[in-house]
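Okay, so here's the structure we're looking at.
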Amino acid sequence: MENAKTQTNKSACIVLANGQVFEGKGFGASGCIMGEAVFTTGMNGYIETLTDPSYYGQIVTQTFPLVGNYGIIPKDFESAAVHMRGYIVRSWCESPSNFRCQQTLNDYLKAQNIIGLYDIDTRALTKVLREAGVMNAMIISGGSAEADEARSALFNESKKTELLKKIEAYKIEHAVESVTCNASKIEESADSVFAESAAYRFVPVKSDGTKVNNPAIAMHDGKNKKVVLWDFGAKANIRRELLKRGLTVLTLPSTATAQQILAEQPDGIMLSNGPGDPQNNPHIIAELKELIKHNIPVFGICLGHQLLALAMGADTIKLKYGHRGANQPVKQLETGRVYISSQNHGYAVKNESLPAGAVLSFVNTNDGTCEGITYTTIPAFSVQFHPEACSGPLDTSFLFDDFVKLINNPQCLKSFVATTERIDAITYFASTVNTSRRRRRI
């Protein structure tokens with residue numbers, strides 16, 4: 001059989017909207033695609049990255065140099081498909097080694113029709129995106145007529161100008177609608193989820209760091225409680241974490257109305273992660289405004305966190321290059337403790353826009369941006385990072401236990417809220433911090 005690297009030794013490059021070109025080789029599918037170029041600093045978890053719906057419309061660069069060494073493991077999927085536009089790595093492993101491996105990275109990208117690019121200086125590309133900010137780009141791979149036309153345009157000044165205008169005009173549209181309920185295609189029962197989690201020591205972790213290996217204990221407080229998972233592009237592990245705590249989970253699509261959600265008589269509502277600009281979802285925000293009038297406990301993650309903030313009257317901003325990776329430090333203001341978190345977002349809630357009754361609960365220690373909000377006027381809290389952290393640290397998975405506590409006692413949030421004076425001081429810090437001085441090396 002022909003060597004896998006020989007099969008993929010095809011000319012390929014990425015063209016950034018600012019005109020810079022990084023040449024390499026292609027793997028996976030061939031052709032031309034446009035997307036929003038971003039980078040993630042995760043050292044593992046590439047399977048979860050590939051199947052994370054929040055990457056919809058984006059070209060993702062892995063900063064870690066070797067990807068694919070443990071192959072493709074369907075049990076680790078966060079959804080049933082790849083939603084990113086393109087995938088860039090320094091090197092990919094053609095001969096993965098893992099007892100759970102079922103497919104190579106190259107074959108998986110081909111099957112998903114995703115164009116991959118390798119053998120480029122991913123460190124240099126990341127530096128460009130970090131300094132200039134997230135920008136649109138095009139990957140050109142292989143020898144199709146479309147690829148040849150795009151490649152030839154790079155050597156003609158007028159044609160290149162037109163190509164760059166086309167790249168610059170690219171927009172991520174209909175993001176949430178395109179990925180909702182994709183993860184539900186790989187849903188499993190609560191018993192099977194806990195059994196498999198126990199086999200790999202991925203059981204619930206309490207706030208003191210101890211693991212709950214007994215399913216009866218882990219599921220006790222959530223039994224007979226139903227949660228609606230409002231799916232804006234949910235990662236499958238959010239549902240798994242809810243199931244591990246005994247909750248019955250009903251997934252509803254992003255198009256669900258407040259009336260439809262209320263008709264299910266849920267004990268709690270989980271607002272999931274998802275892709276795109278949160279402000280591009282006015283229908284969801286409008287339904288959420290109606291929903292929160294009914295005082296049902298709410299827990300929001302990532303996009304869900306942003307949408308809840310918008311529904312409550314806060315504002316959001318686009319970050320220069322976002323937070324993507326499994327090593328993002330966040331500080332819990334109530335305790336002063338710093339946790340390492342997994343994140344994937346390009347937008348954030350503006351600290352200074354929080355309305356009365358919305359208390360800043362977590363901040364990013366690198367740039368001071370909002371990482372969590374606790375609400376005092378409704379039984380709700382939310383975080384920007386991913387406490388389900390798959391793949392990533394388990395430090396903040398106790399937040400799912402806090403959600404169960406909130407379901408059982410909607411008044412318990414009051415004990416989590418720090419004093420107003422302390423929050424005011426932290427808000428001032430977060431809004432004035434010099435992010436350039438706090439920037440970490442890549």
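Every chain in the structure tokens has a letter given in the order shown (A, B, ...), and although residue numbers restart at 1 in each chain, ligands are simply numbered from 1 in the order shown.
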Tell me which protein, DNA and RNA residues are within 7 Å of Phe22 (chain A), counting only C-alpha atoms, leaving out same-chain ones fewer than 3 positions away, and put them as JSON, numbers by chain. {"A": [13, 14, 15, 120]}
Could you please take those selected residues and save all heavy atoms as a PDB file, in the first residue's frame?
ATOM      1  N   CYS A  13      -1.418  25.705   0.702  1.00  0.00           N
ATOM      2  CA  CYS A  13      -1.017  26.937   1.388  1.00  0.00           C
ATOM      3  C   CYS A  13      -2.230  27.569   2.052  1.00  0.00           C
ATOM      4  O   CYS A  13      -3.381  27.231   1.732  1.00  0.00           O
ATOM      5  CB  CYS A  13      -0.368  27.933   0.429  1.00  0.00           C
ATOM      6  SG  CYS A  13      -1.497  28.601  -0.829  1.00  0.00           S
ATOM      7  N   ILE A  14      -1.961  28.492   2.968  1.00  0.00           N
ATOM      8  CA  ILE A  14      -3.007  29.316   3.547  1.00  0.00           C
ATOM      9  C   ILE A  14      -2.708  30.765   3.189  1.00  0.00           C
ATOM     10  O   ILE A  14      -1.579  31.228   3.310  1.00  0.00           O
ATOM     11  CB  ILE A  14      -3.122  29.140   5.080  1.00  0.00           C
ATOM     12  CG1 ILE A  14      -4.244  30.047   5.626  1.00  0.00           C
ATOM     13  CG2 ILE A  14      -1.805  29.385   5.795  1.00  0.00           C
ATOM     14  CD1 ILE A  14      -4.596  29.795   7.078  1.00  0.00           C
ATOM     15  N   VAL A  15      -3.733  31.452   2.718  1.00  0.00           N
ATOM     16  CA  VAL A  15      -3.618  32.862   2.337  1.00  0.00           C
ATOM     17  C   VAL A  15      -4.432  33.676   3.337  1.00  0.00           C
ATOM     18  O   VAL A  15      -5.647  33.511   3.441  1.00  0.00           O
ATOM     19  CB  VAL A  15      -4.160  33.103   0.909  1.00  0.00           C
ATOM     20  CG1 VAL A  15      -3.943  34.560   0.506  1.00  0.00           C
ATOM     21  CG2 VAL A  15      -3.510  32.157  -0.089  1.00  0.00           C
ATOM     22  N   ILE A 120       3.859  23.506   7.797  1.00  0.00           N
ATOM     23  CA  ILE A 120       4.088  24.948   7.784  1.00  0.00           C
ATOM     24  C   ILE A 120       4.552  25.371   9.178  1.00  0.00           C
ATOM     25  O   ILE A 120       4.426  24.610  10.147  1.00  0.00           O
ATOM     26  CB  ILE A 120       2.821  25.751   7.392  1.00  0.00           C
ATOM     27  CG1 ILE A 120       1.809  25.779   8.549  1.00  0.00           C
ATOM     28  CG2 ILE A 120       2.182  25.209   6.148  1.00  0.00           C
ATOM     29  CD1 ILE A 120       0.738  26.829   8.351  1.00  0.00           C
TER      30      ILE A 120
END
Fewer than 4 positions away in the same chain doesn't count, so skip those; otherwise give me all residues within 9 Å of region 165-171 of chain A, counting only C-alpha atoms, as a VMD selection string. chain A and resid 15 to 18 34 to 36 57 135 to 138 160 to 161
Keeping only C-alpha atoms, take the residues you just selected and write them out as a PDB file, in the first residue's frame.
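Result written to out_3.pdb:
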ATOM      1  CA  VAL A  15      -3.618  32.862   2.337  1.00  0.00           C
ATOM      2  CA  LEU A  16      -4.443  35.380   5.053  1.00  0.00           C
ATOM      3  CA  ALA A  17      -6.663  38.384   4.418  1.00  0.00           C
ATOM      4  CA  ASN A  18      -3.661  40.659   4.987  1.00  0.00           C
ATOM      5  CA  MET A  34     -12.449  30.166   3.318  1.00  0.00           C
ATOM      6  CA  GLY A  35     -12.904  30.651   7.034  1.00  0.00           C
ATOM      7  CA  GLU A  36     -11.921  32.654  10.083  1.00  0.00           C
ATOM      8  CA  GLY A  57     -16.847  28.434  10.146  1.00  0.00           C
ATOM      9  CA  MET A 135      -8.630  37.323  10.435  1.00  0.00           C
ATOM     10  CA  ASN A 136     -10.207  35.567   7.485  1.00  0.00           C
ATOM     11  CA  ALA A 137      -8.150  33.212   5.348  1.00  0.00           C
ATOM     12  CA  MET A 138      -8.266  30.713   2.498  1.00  0.00           C
ATOM     13  CA  LYS A 160      -4.568  38.708  -5.954  1.00  0.00           C
ATOM     14  CA  THR A 161      -6.267  41.921  -4.888  1.00  0.00           C
TER      15      THR A 161
END
Which residues are close to Met84 (chain A), i.e. within 7 Å by only C-alpha atoms, leaving aside same-chain residues fewer than 6 positions away? Reply as a PyMOL selection string. chain A and resi 55-59
Print the selection's residues with N, CA and C atoms to a file, as an mmCIF file, in the first residue's frame.
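Below you can see again_23.cif, which holds the result:
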data_model
loop_
_atom_site.group_PDB
_atom_site.id
_atom_site.type_symbol
_atom_site.label_atom_id
_atom_site.label_comp_id
_atom_site.auth_asym_id
_atom_site.auth_seq_id
_atom_site.Cartn_x
_atom_site.Cartn_y
_atom_site.Cartn_z
ATOM 1 N N TYR A 55 -16.429 25.565 16.769
ATOM 2 C CA TYR A 55 -15.459 25.954 15.742
ATOM 3 C C TYR A 55 -16.101 26.119 14.363
ATOM 4 N N TYR A 56 -17.407 26.110 14.304
ATOM 5 C CA TYR A 56 -18.093 26.252 13.023
ATOM 6 C C TYR A 56 -17.589 27.495 12.274
ATOM 7 N N GLY A 57 -17.252 27.311 10.996
ATOM 8 C CA GLY A 57 -16.847 28.434 10.146
ATOM 9 C C GLY A 57 -15.407 28.872 10.295
ATOM 10 N N GLN A 58 -14.621 28.150 11.100
ATOM 11 C CA GLN A 58 -13.257 28.598 11.373
ATOM 12 C C GLN A 58 -12.202 27.648 10.815
ATOM 13 N N ILE A 59 -11.023 28.206 10.535
ATOM 14 C CA ILE A 59 -9.841 27.435 10.177
ATOM 15 C C ILE A 59 -8.985 27.388 11.439
#
Show which residues sit within 8 Å of Asn295 (chain A), as a ChimeraX atom specification. Count only C-alpha atoms, and ignore same-chain residues fewer than 3 positions away. /A:291-292,378-379
Those of region 143-264 of chain A in DSSP strand (DSSP E), formatted as a VMD selection string: chain A and resid 226 to 231 248 to 253
I need the chosen residues saved as a PDB file, in the first residue's frame, with C-alpha atoms.
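Saved to out_34.pdb:
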ATOM      1  CA  LYS A 226     -35.341  17.013  34.618  1.00  0.00           C
ATOM      2  CA  VAL A 227     -33.083  19.467  32.796  1.00  0.00           C
ATOM      3  CA  VAL A 228     -33.711  20.932  29.359  1.00  0.00           C
ATOM      4  CA  LEU A 229     -30.428  21.239  27.477  1.00  0.00           C
ATOM      5  CA  TRP A 230     -31.074  24.154  25.116  1.00  0.00           C
ATOM      6  CA  ASP A 231     -28.676  23.251  22.349  1.00  0.00           C
ATOM      7  CA  THR A 248     -32.759  13.435  33.260  1.00  0.00           C
ATOM      8  CA  VAL A 249     -31.669  15.430  30.197  1.00  0.00           C
ATOM      9  CA  LEU A 250     -33.955  16.514  27.364  1.00  0.00           C
ATOM     10  CA  THR A 251     -32.193  18.193  24.438  1.00  0.00           C
ATOM     11  CA  LEU A 252     -34.130  20.862  22.561  1.00  0.00           C
ATOM     12  CA  PRO A 253     -32.912  22.698  19.430  1.00  0.00           C
TER      13      PRO A 253
END
Find the residue from A:Ser353, A:Asn69, A:Asn364, A:Gln112 that sits nearest to Leu50 (chain A); use only C-alpha atoms when measuring.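 The closest residue to Leu50 (chain A) is A:Gln112.
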Find the residues near Gln328 (chain A): any atom within 12 Å, counting only C-alpha atoms, skip ones fewer than 5 places away on the same chain, and give them as a ChimeraX atom specification. /A:40-42,322-323,338-345,363-369,371,384-387,389,392-393,395-396,439-440
Only N, CA and C atoms, please: the residues just picked out, written as a compact mmCIF listing (two decimals), in the first residue's frame.
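What follows is the written file result08.txt:
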# COMPACT_ATOMS: atom_id res chain seq x y z
N THR A 40 -5.47 27.39 18.61
CA THR A 40 -5.75 26.82 19.92
C THR A 40 -4.48 26.25 20.50
N THR A 41 -4.28 26.46 21.80
CA THR A 41 -3.02 26.07 22.44
C THR A 41 -3.09 24.72 23.13
N GLY A 42 -4.16 23.96 22.93
CA GLY A 42 -4.29 22.66 23.58
C GLY A 42 -3.18 21.71 23.17
N GLY A 322 -9.12 35.89 20.95
CA GLY A 322 -9.91 34.92 21.69
C GLY A 322 -9.12 34.09 22.68
N HIS A 323 -9.82 33.19 23.33
CA HIS A 323 -9.23 32.25 24.28
C HIS A 323 -9.57 30.85 23.79
N VAL A 338 -7.51 30.28 42.01
CA VAL A 338 -7.32 30.26 40.55
C VAL A 338 -7.44 28.82 40.06
N TYR A 339 -8.24 28.65 39.02
CA TYR A 339 -8.43 27.34 38.39
C TYR A 339 -7.89 27.39 36.95
N ILE A 340 -7.41 26.26 36.46
CA ILE A 340 -7.03 26.14 35.05
C ILE A 340 -8.23 25.60 34.30
N SER A 341 -8.58 26.27 33.21
CA SER A 341 -9.81 25.93 32.50
C SER A 341 -9.58 25.68 31.02
N SER A 342 -10.54 24.99 30.42
CA SER A 342 -10.56 24.78 28.98
C SER A 342 -11.49 25.83 28.37
N GLN A 343 -11.06 26.47 27.27
CA GLN A 343 -11.87 27.53 26.68
C GLN A 343 -11.82 27.48 25.16
N ASN A 344 -12.88 28.02 24.57
CA ASN A 344 -12.95 28.15 23.11
C ASN A 344 -13.98 29.23 22.79
N HIS A 345 -13.53 30.47 22.74
CA HIS A 345 -14.46 31.55 22.42
C HIS A 345 -13.71 32.76 21.87
N VAL A 363 -12.87 35.88 36.74
CA VAL A 363 -12.18 36.70 35.74
C VAL A 363 -10.99 35.92 35.18
N ASN A 364 -10.62 36.23 33.95
CA ASN A 364 -9.44 35.65 33.33
C ASN A 364 -8.21 36.36 33.88
N THR A 365 -7.29 35.61 34.46
CA THR A 365 -6.15 36.27 35.10
C THR A 365 -5.13 36.80 34.10
N ASN A 366 -5.25 36.44 32.83
CA ASN A 366 -4.34 36.99 31.82
C ASN A 366 -4.78 38.37 31.35
N ASP A 367 -6.07 38.57 31.14
CA ASP A 367 -6.51 39.86 30.59
C ASP A 367 -7.67 40.49 31.36
N GLY A 368 -8.12 39.86 32.45
CA GLY A 368 -9.16 40.46 33.29
C GLY A 368 -10.55 40.40 32.73
N THR A 369 -10.77 39.68 31.62
CA THR A 369 -12.10 39.63 31.03
C THR A 369 -13.04 38.76 31.86
N GLU A 371 -15.27 35.95 33.09
CA GLU A 371 -15.30 34.49 32.92
C GLU A 371 -16.49 33.85 33.64
N GLN A 384 -17.87 31.48 31.25
CA GLN A 384 -17.39 31.59 29.89
C GLN A 384 -16.58 30.36 29.49
N PHE A 385 -15.90 29.75 30.45
CA PHE A 385 -15.05 28.58 30.18
C PHE A 385 -15.89 27.30 30.17
N HIS A 386 -15.20 26.16 30.00
CA HIS A 386 -15.89 24.87 29.87
C HIS A 386 -15.62 23.98 31.08
N PRO A 387 -16.54 23.93 32.05
CA PRO A 387 -16.32 23.06 33.21
C PRO A 387 -16.41 21.58 32.88
N ALA A 389 -14.86 20.37 30.34
CA ALA A 389 -13.44 20.20 30.04
C ALA A 389 -13.05 18.88 29.43
N GLY A 392 -9.35 18.32 28.78
CA GLY A 392 -8.88 19.46 29.54
C GLY A 392 -8.90 19.17 31.02
N PRO A 393 -8.57 20.17 31.84
CA PRO A 393 -8.54 19.97 33.30
C PRO A 393 -9.94 19.80 33.87
N ASP A 395 -10.75 20.79 36.90
CA ASP A 395 -10.77 21.67 38.06
C ASP A 395 -12.14 22.24 38.40
N THR A 396 -12.93 22.58 37.38
CA THR A 396 -14.18 23.31 37.65
C THR A 396 -15.43 22.48 37.37
N ARG A 439 0.47 39.39 28.61
CA ARG A 439 0.43 38.40 27.54
C ARG A 439 1.49 37.32 27.76
N ARG A 440 1.09 36.06 27.61
CA ARG A 440 2.01 34.96 27.79
C ARG A 440 2.66 34.58 26.46
From the DSSP assignment of the backbone, select every residue of region 86-131 of chain A that is helix (DSSP H, G or I), and format the answer as a count of residues only. 17
Closest atom pairs, residues of region 236-326 of chain A within 10 Å of region 75-82 of chain A, only C-alpha atoms, as CSV:
residue,atom,partner,partner_atom,distance
A:Ala236,CA,A:Glu78,CA,4.7
A:Asn237,CA,A:Glu78,CA,6.5
A:Ile238,CA,A:Glu78,CA,9.1
Exercise: Ser97 (chain A) partners within 8 Å, only C-alpha atoms, chain neighbours under 3 positions left out, as an mmCIF file with N, CA, C and O atoms, in the first residue's frame:
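Output saved as result.cif:
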data_model
loop_
_atom_site.group_PDB
_atom_site.id
_atom_site.type_symbol
_atom_site.label_atom_id
_atom_site.label_comp_id
_atom_site.auth_asym_id
_atom_site.auth_seq_id
_atom_site.Cartn_x
_atom_site.Cartn_y
_atom_site.Cartn_z
ATOM 1 N N ASN A 69 -1.345 11.465 16.976
ATOM 2 C CA ASN A 69 -0.567 10.321 17.453
ATOM 3 C C ASN A 69 -1.403 9.254 18.144
ATOM 4 O O ASN A 69 -0.961 8.121 18.282
ATOM 5 N N TYR A 70 -2.631 9.584 18.590
ATOM 6 C CA TYR A 70 -3.495 8.526 19.130
ATOM 7 C C TYR A 70 -4.727 8.298 18.250
ATOM 8 O O TYR A 70 -5.700 7.676 18.655
ATOM 9 N N GLY A 71 -4.650 8.788 17.026
ATOM 10 C CA GLY A 71 -5.662 8.496 16.026
ATOM 11 C C GLY A 71 -7.015 9.121 16.311
ATOM 12 O O GLY A 71 -7.118 10.127 17.005
ATOM 13 N N CYS A 101 -7.943 3.451 19.203
ATOM 14 C CA CYS A 101 -7.905 4.077 17.877
ATOM 15 C C CYS A 101 -8.681 3.262 16.844
ATOM 16 O O CYS A 101 -8.531 2.045 16.752
#
In Å to one decimal, how far is CA of Val67 (chain A) from CA of Gln103 (chain A)? 13.6 Å
Looking at only C-alpha atoms, which of A:Gly19, A:Gly133, A:Pro278, A:Gly116 is the one that sits closest to Ala311 (chain A)? A:Pro278
